[in-house]
Amino acid sequence: MDPIMIVFGVIAGAAFLSRGGDTFSYTPPSGGNYRFRLRKVGSNWRTYVLEQPAYAGRSSDGHMTHRYYDDSQSQYYVCYDPMPQTESDGRAVAKRWAERTTRYIRYGESF
């Protein structure tokens with residue numbers, strides 16, 4: 001590969017990361033580390049769960065954890081109704097979901 005192209009790729013990648021891209025992390029006040037990826041699907045924004053704490057013996061089924069599974073992405077995303085219509089709404093949903101998930105893991109409280 002041409003060295004100029006490699007340098008351009010690194011610079012373009014760094015610029016993308018510096019503006020935040022479509023992934024972000026969140027740590028709820030009660031603890032736990034979460035990382036999400038936002039993706040526009042039709043007119044909705046899906047909040048994919050990239051990293052989260054383990055369920056520590058609690059049920060991890062989709063209903064209890066408010067997650068759907070996207071076979072095409074091989075990833076879970078947050079189940080929320082109505083689905084977010086903007087990127088900022090997707091981020092807000094991710095934060096609320098992380099807070100409630102931490103509460104579910106610690107205390108068994110449902111959403």
# chains A, B, ... in the order shown; residues from 1 in each chain; ligands from 1
call {"tool": "select_by_dssp", "arguments": {"residues": "stretch 6-106 of chain A", "states": "strand (DSSP E)", "output": "ChimeraX atom specification"}}
result
/A:23-26,34-41,44-51,67-70,75-78
call {"tool": "select_by_dssp", "arguments": {"residues": "stretch 10-111 of chain A", "states": "alpha helix (DSSP H)", "output": "PyMOL selection string"}}
result
chain A and resi 10-18+62-65+87-107
call {"tool": "atom_distance", "arguments": {"atom1": "atom CA of A:Tyr107", "atom2": "atom CA of A:Ala56"}}
result
10.7 Å
call {"tool": "closest_residue", "arguments": {"among": "A:Met64, A:Ala54, A:Val49, A:Val41", "to": "A:Ala94", "atoms": "only C-alpha atoms"}}
result
A:Val49
call {"tool": "atom_distance", "arguments": {"atom1": "atom CA of A:Val93", "atom2": "atom CA of A:Tyr26"}}
result
11.5 Å
call {"tool": "closest_residue", "arguments": {"among": "A:Tyr68, A:Ser74, A:Pro84, A:Ser60", "to": "A:Arg39", "atoms": "only C-alpha atoms"}}
result
A:Pro84
call {"tool": "residues_around", "arguments": {"residues": "A:Cys79", "least_positions_apart": "4", "cutoff": "12 Å", "atoms": "only C-alpha atoms", "output": "PyMOL selection string"}}
result
chain A and resi 44-49+62-70+83-84+90+93-94+96-97+111
call {"tool": "closest_residue", "arguments": {"among": "A:Tyr34, A:Thr23, A:Asp81, A:Gly42", "to": "A:Ala98", "atoms": "only C-alpha atoms"}}
result
A:Tyr34
call {"tool": "atom_distance", "arguments": {"atom1": "atom CA of A:Asp61", "atom2": "atom CA of A:Glu99"}}
result
17.8 Å
call {"tool": "closest_residue", "arguments": {"among": "A:Ser25, A:Leu50, A:Asn33, A:Ser110", "to": "A:Tyr76", "atoms": "only C-alpha atoms"}}
result
A:Leu50
call {"tool": "closest_residue", "arguments": {"among": "A:Glu51, A:Ser72, A:Arg106, A:Lys40", "to": "A:Phe24", "atoms": "only C-alpha atoms"}}
result
A:Glu51
